[in-house]
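See below for the structure under consideration.
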Amino acid sequence: MRSKRSWSHRLSRHYLRSAERMIKLFRIINITFLLGSTAIILILVSLFTPLFSRAVIYVFDHLTLPAIPADAMSSPPSAYVVLGGGLTNDNSNQIILNGYSLNRIRTAAIAYHDLPLPIIISGAEAPWMSQWLIEHGIDEPISENASMNTCENARFTAKRVPLYHVYLITDNYHMARARRQFALNGVNSTPINAPLPVSLDWMEPAQNLSHSRRAVYEIAAYLRDILRPQLDCRLAEDVSIQQLLTPRGNAVKTFD
């Protein structure tokens, strides 16, 4: 009789311990689900507000650059370098500057009127951006027409003109990646941020999402440049000076 009671007691204790484990497991699952759901909701909400974009820009602004030669660190900026942001077509199917490129060249013009320095335009967009400057009273911009990505912007600009320190003009999401590429090519840079075609606005979730997409793109591109540099970045010696000087006519790059 005593052994039956002992066996029954052990069995009940086993079930109680099992029940306690299940309760703890369900609590962990519940807490994990709540935390995960809250995090997802917060991320989704931040994508439609300025929060996510501003956080990314803050992080980008505090990233360290590769080592830059002492001459470049001690030299003052001697030119503006404007990175092309793409081309598009108008209603007549004519090639024109897209919003990214247009804002960047406008920013360069404003900076130039405050402090006249040579303007170097890098990318397939160079002929159109040069023409815009000429039409707005700024003559003799320097063009580098061969580059098709940020890595080539840095390599080919450094080959086109001897540079130590430049004012670099692009949008603030692209700036960290661009400055890193110029640093890798021995060029120091002081950023001048050009606005995106649409502004951040707490009351405009679609515009905020556009910024968030741009931020996510640049996060991925920056990590790619570090972990697995792009294979389509040609070396400076692969391109002649004549190629750097030659416009490519109808070459259309739709995004930077």
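A note on labels: chains of the structure tokens are A, B, ... as shown, every chain counts residues from 1, and ligands are counted from 1 in their shown order.
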
If we count only C-alpha atoms, what is near range 224-231 of chain A at a cut-off of 10 Å, once residues fewer than 3 positions away on the same chain are taken out, given as a ChimeraX atom specification?
/A:149,151,177,180-181,218-221,234

Output file for the selection above: N, CA, C and O atoms, as a PDB file, in the first residue's frame:
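Generated output (part-v5.pdb):
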ATOM      1  N   ASN A 149      29.615  53.843 -61.350  1.00  0.00           N
ATOM      2  CA  ASN A 149      29.227  53.538 -59.967  1.00  0.00           C
ATOM      3  C   ASN A 149      30.111  54.352 -59.031  1.00  0.00           C
ATOM      4  O   ASN A 149      31.045  55.042 -59.464  1.00  0.00           O
ATOM      5  N   CYS A 151      32.352  53.544 -56.766  1.00  0.00           N
ATOM      6  CA  CYS A 151      33.758  53.144 -56.737  1.00  0.00           C
ATOM      7  C   CYS A 151      34.512  53.767 -57.907  1.00  0.00           C
ATOM      8  O   CYS A 151      35.614  54.317 -57.735  1.00  0.00           O
ATOM      9  N   ARG A 177      29.265  56.287 -48.038  1.00  0.00           N
ATOM     10  CA  ARG A 177      29.870  55.335 -48.972  1.00  0.00           C
ATOM     11  C   ARG A 177      30.792  56.048 -49.950  1.00  0.00           C
ATOM     12  O   ARG A 177      31.882  55.562 -50.272  1.00  0.00           O
ATOM     13  N   ARG A 180      34.018  57.160 -48.244  1.00  0.00           N
ATOM     14  CA  ARG A 180      34.898  56.013 -48.022  1.00  0.00           C
ATOM     15  C   ARG A 180      35.660  55.661 -49.299  1.00  0.00           C
ATOM     16  O   ARG A 180      36.858  55.392 -49.260  1.00  0.00           O
ATOM     17  N   GLN A 181      34.976  55.680 -50.433  1.00  0.00           N
ATOM     18  CA  GLN A 181      35.639  55.349 -51.695  1.00  0.00           C
ATOM     19  C   GLN A 181      36.706  56.389 -52.045  1.00  0.00           C
ATOM     20  O   GLN A 181      37.794  56.033 -52.517  1.00  0.00           O
ATOM     21  N   GLU A 218      21.362  52.132 -49.159  1.00  0.00           N
ATOM     22  CA  GLU A 218      22.731  52.542 -48.855  1.00  0.00           C
ATOM     23  C   GLU A 218      23.352  51.690 -47.747  1.00  0.00           C
ATOM     24  O   GLU A 218      24.560  51.459 -47.753  1.00  0.00           O
ATOM     25  N   ILE A 219      22.552  51.231 -46.804  1.00  0.00           N
ATOM     26  CA  ILE A 219      23.075  50.306 -45.790  1.00  0.00           C
ATOM     27  C   ILE A 219      23.601  49.042 -46.463  1.00  0.00           C
ATOM     28  O   ILE A 219      24.722  48.582 -46.193  1.00  0.00           O
ATOM     29  N   ALA A 220      22.785  48.483 -47.358  1.00  0.00           N
ATOM     30  CA  ALA A 220      23.193  47.262 -48.062  1.00  0.00           C
ATOM     31  C   ALA A 220      24.424  47.507 -48.926  1.00  0.00           C
ATOM     32  O   ALA A 220      25.353  46.689 -48.962  1.00  0.00           O
ATOM     33  N   ALA A 221      24.459  48.649 -49.629  1.00  0.00           N
ATOM     34  CA  ALA A 221      25.586  48.950 -50.512  1.00  0.00           C
ATOM     35  C   ALA A 221      26.863  49.185 -49.710  1.00  0.00           C
ATOM     36  O   ALA A 221      27.956  48.763 -50.123  1.00  0.00           O
ATOM     37  N   ARG A 234      35.983  49.171 -62.343  1.00  0.00           N
ATOM     38  CA  ARG A 234      37.214  49.085 -63.123  1.00  0.00           C
ATOM     39  C   ARG A 234      38.354  49.836 -62.436  1.00  0.00           C
ATOM     40  O   ARG A 234      38.127  50.803 -61.711  1.00  0.00           O
TER      41      ARG A 234
END

Would you pick out the contacts of Leu163 in chain A at 8 Å or less, using only C-alpha atoms, so that residues sharing its chain but fewer than 5 positions from it are not included, and give the list as an NGL selection string?
:A and (78 or 158 or 187)

All heavy atoms of the current selection, written as an mmCIF file, in the first residue's frame:
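That gives us result_32.cif:
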data_model
loop_
_atom_site.group_PDB
_atom_site.id
_atom_site.type_symbol
_atom_site.label_atom_id
_atom_site.label_comp_id
_atom_site.auth_asym_id
_atom_site.auth_seq_id
_atom_site.Cartn_x
_atom_site.Cartn_y
_atom_site.Cartn_z
ATOM 1 N N SER A 78 40.092 72.025 -52.661
ATOM 2 C CA SER A 78 40.517 72.767 -53.852
ATOM 3 C C SER A 78 39.511 72.674 -54.994
ATOM 4 O O SER A 78 39.718 73.275 -56.051
ATOM 5 C CB SER A 78 41.871 72.235 -54.347
ATOM 6 O OG SER A 78 41.782 70.845 -54.637
ATOM 7 N N ALA A 158 39.973 60.833 -59.313
ATOM 8 C CA ALA A 158 41.358 60.980 -58.854
ATOM 9 C C ALA A 158 42.333 60.905 -60.026
ATOM 10 O O ALA A 158 43.394 61.549 -60.001
ATOM 11 C CB ALA A 158 41.679 59.914 -57.815
ATOM 12 N N VAL A 187 41.951 60.583 -51.333
ATOM 13 C CA VAL A 187 41.363 61.923 -51.428
ATOM 14 C C VAL A 187 40.526 62.201 -50.180
ATOM 15 O O VAL A 187 39.592 61.445 -49.870
ATOM 16 C CB VAL A 187 40.490 62.061 -52.690
ATOM 17 C CG1 VAL A 187 39.897 63.473 -52.766
ATOM 18 C CG2 VAL A 187 41.298 61.752 -53.946
#

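For the atom pair formed by CA of Arg213 in chain A and CA of Leu97 in chain A, the distance is 20.7 Å, given to one decimal.
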
Set the distance at 8 Å and use only C-alpha atoms: which residues neighbour range 194-198 of chain A once local chain neighbours fewer than 3 positions away are removed? I'd like the list as an MDAnalysis selection string.
chainID A and resid 99:100 103:104 107 169:172 207 210

Take the selection from the previous step and output its residues with N, CA and C atoms, as a PDB file, in the first residue's frame.
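out_8.pdb was written with the following content:
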ATOM      1  N   GLY A  99      15.839  63.670 -60.532  1.00  0.00           N
ATOM      2  CA  GLY A  99      15.775  64.532 -59.364  1.00  0.00           C
ATOM      3  C   GLY A  99      17.035  64.515 -58.518  1.00  0.00           C
ATOM      4  N   TYR A 100      17.675  63.356 -58.416  1.00  0.00           N
ATOM      5  CA  TYR A 100      18.902  63.247 -57.623  1.00  0.00           C
ATOM      6  C   TYR A 100      20.006  64.115 -58.237  1.00  0.00           C
ATOM      7  N   ASN A 103      19.257  67.986 -58.074  1.00  0.00           N
ATOM      8  CA  ASN A 103      19.480  68.593 -56.769  1.00  0.00           C
ATOM      9  C   ASN A 103      20.971  68.706 -56.446  1.00  0.00           C
ATOM     10  N   ARG A 104      21.747  67.729 -56.898  1.00  0.00           N
ATOM     11  CA  ARG A 104      23.182  67.780 -56.625  1.00  0.00           C
ATOM     12  C   ARG A 104      23.857  68.912 -57.389  1.00  0.00           C
ATOM     13  N   THR A 107      22.968  72.208 -55.835  1.00  0.00           N
ATOM     14  CA  THR A 107      23.737  72.412 -54.605  1.00  0.00           C
ATOM     15  C   THR A 107      25.149  72.877 -54.931  1.00  0.00           C
ATOM     16  N   ILE A 169      29.898  66.451 -53.175  1.00  0.00           N
ATOM     17  CA  ILE A 169      28.461  66.745 -53.227  1.00  0.00           C
ATOM     18  C   ILE A 169      27.692  65.528 -53.707  1.00  0.00           C
ATOM     19  N   THR A 170      26.846  65.017 -52.833  1.00  0.00           N
ATOM     20  CA  THR A 170      25.899  63.952 -53.136  1.00  0.00           C
ATOM     21  C   THR A 170      24.824  64.016 -52.052  1.00  0.00           C
ATOM     22  N   ASP A 171      23.882  63.076 -52.024  1.00  0.00           N
ATOM     23  CA  ASP A 171      22.871  63.136 -50.958  1.00  0.00           C
ATOM     24  C   ASP A 171      23.429  62.527 -49.682  1.00  0.00           C
ATOM     25  N   ASN A 172      22.802  62.831 -48.549  1.00  0.00           N
ATOM     26  CA  ASN A 172      23.388  62.448 -47.269  1.00  0.00           C
ATOM     27  C   ASN A 172      23.325  60.951 -46.984  1.00  0.00           C
ATOM     28  N   GLN A 207       6.462  60.049 -48.626  1.00  0.00           N
ATOM     29  CA  GLN A 207       7.774  60.676 -48.786  1.00  0.00           C
ATOM     30  C   GLN A 207       8.781  60.099 -47.809  1.00  0.00           C
ATOM     31  N   SER A 210      10.043  56.843 -49.011  1.00  0.00           N
ATOM     32  CA  SER A 210      11.039  57.014 -50.061  1.00  0.00           C
ATOM     33  C   SER A 210      12.431  57.191 -49.456  1.00  0.00           C
TER      34      SER A 210
END

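The space separating CA of Arg54 in chain A from CA of Leu115 in chain A comes to 28.8 Å.
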
Ile138 in chain A: which residues within 12 Å, counting only C-alpha atoms, same-chain residues fewer than 2 positions away excluded, as JSON, numbers by chain?
{"A": [105, 106, 108, 109, 110, 111, 112, 113, 116, 117, 118, 119, 129, 130, 131, 132, 133, 134, 135, 136, 140, 141, 142]}

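Proximity of A:Ala19, A:Val45, A:Ile40, A:Leu223 to Leu209 in chain A, computed with only C-alpha atoms, is greatest for A:Val45.
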
For Tyr80 in chain A, find every residue with an atom within 6 Å (counting only C-alpha atoms), except residues of its own chain fewer than 4 positions away, and show them as a compact mmCIF listing (two decimals) with all heavy atoms, in the first residue's frame.
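Dumped everything to result25.txt:
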# COMPACT_ATOMS: atom_id res chain seq x y z
N ILE A 119 34.63 73.02 -60.51
CA ILE A 119 33.59 72.00 -60.32
C ILE A 119 33.91 70.81 -61.20
O ILE A 119 34.03 70.95 -62.43
CB ILE A 119 32.19 72.56 -60.65
CG1 ILE A 119 31.84 73.71 -59.71
CG2 ILE A 119 31.14 71.45 -60.55
CD1 ILE A 119 30.49 74.34 -60.01
N ILE A 120 34.05 69.65 -60.58
CA ILE A 120 34.31 68.41 -61.30
C ILE A 120 33.06 67.55 -61.22
O ILE A 120 32.55 67.28 -60.12
CB ILE A 120 35.51 67.65 -60.68
CG1 ILE A 120 36.74 68.55 -60.64
CG2 ILE A 120 35.80 66.38 -61.47
CD1 ILE A 120 37.87 68.01 -59.78
N VAL A 166 38.64 67.67 -51.33
CA VAL A 166 37.56 68.23 -52.14
C VAL A 166 36.31 68.42 -51.29
O VAL A 166 36.14 67.80 -50.24
CB VAL A 166 37.21 67.32 -53.34
CG1 VAL A 166 38.41 67.10 -54.23
CG2 VAL A 166 36.64 65.97 -52.86
N TYR A 167 35.44 69.31 -51.76
CA TYR A 167 34.07 69.36 -51.27
C TYR A 167 33.30 68.32 -52.09
O TYR A 167 33.20 68.43 -53.32
CB TYR A 167 33.45 70.74 -51.47
CG TYR A 167 34.00 71.80 -50.55
CD1 TYR A 167 34.78 72.84 -51.03
CD2 TYR A 167 33.70 71.76 -49.18
CE1 TYR A 167 35.28 73.83 -50.18
CE2 TYR A 167 34.19 72.75 -48.32
CZ TYR A 167 34.98 73.76 -48.83
OH TYR A 167 35.46 74.73 -47.98

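With distances restricted to only C-alpha atoms, A:Met175 is the closest residue to Val59 in chain A from A:Met203, A:Met175, A:Cys233, A:Leu47.
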
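Across range 83-188 of chain A, DSSP run on the backbone finds strand (DSSP E or B) at Leu83, Leu87, Thr88, Asn89, Ile95, Ile96, Leu97, Ile119, Ile120, Ile121, Ser122, Ile142, Ser143, Glu144, His165, Val166, Tyr167, Leu168, Ile169, Thr170, Asp171 and Asn188 of chain A.
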
From the set A:Thr246, A:Arg27, A:Thr32, A:Leu184, which residue has the shortest atom-to-atom contact distance to Glu125 in chain A, counting only C-alpha atoms?
A:Thr246

DSSP on the backbone: which residues in range 30-69 of chain A end up as helix (DSSP H, G or I)? Give the answer as an MDAnalysis selection string.
chainID A and resid 30:47 50:61

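In this model, the gap between CA of Ala72 in chain A and CA of Arg179 in chain A comes to 13.1 Å.
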
Any idea what's packed within 10 Å of Gln242 in chain A, counting only C-alpha atoms, ignoring anything in its chain fewer than 3 positions away? Could you give it as a list in words?
Glu144, Asn145, Ala146, Arg160, Val239, Leu245, Thr246 and Pro247 of chain A
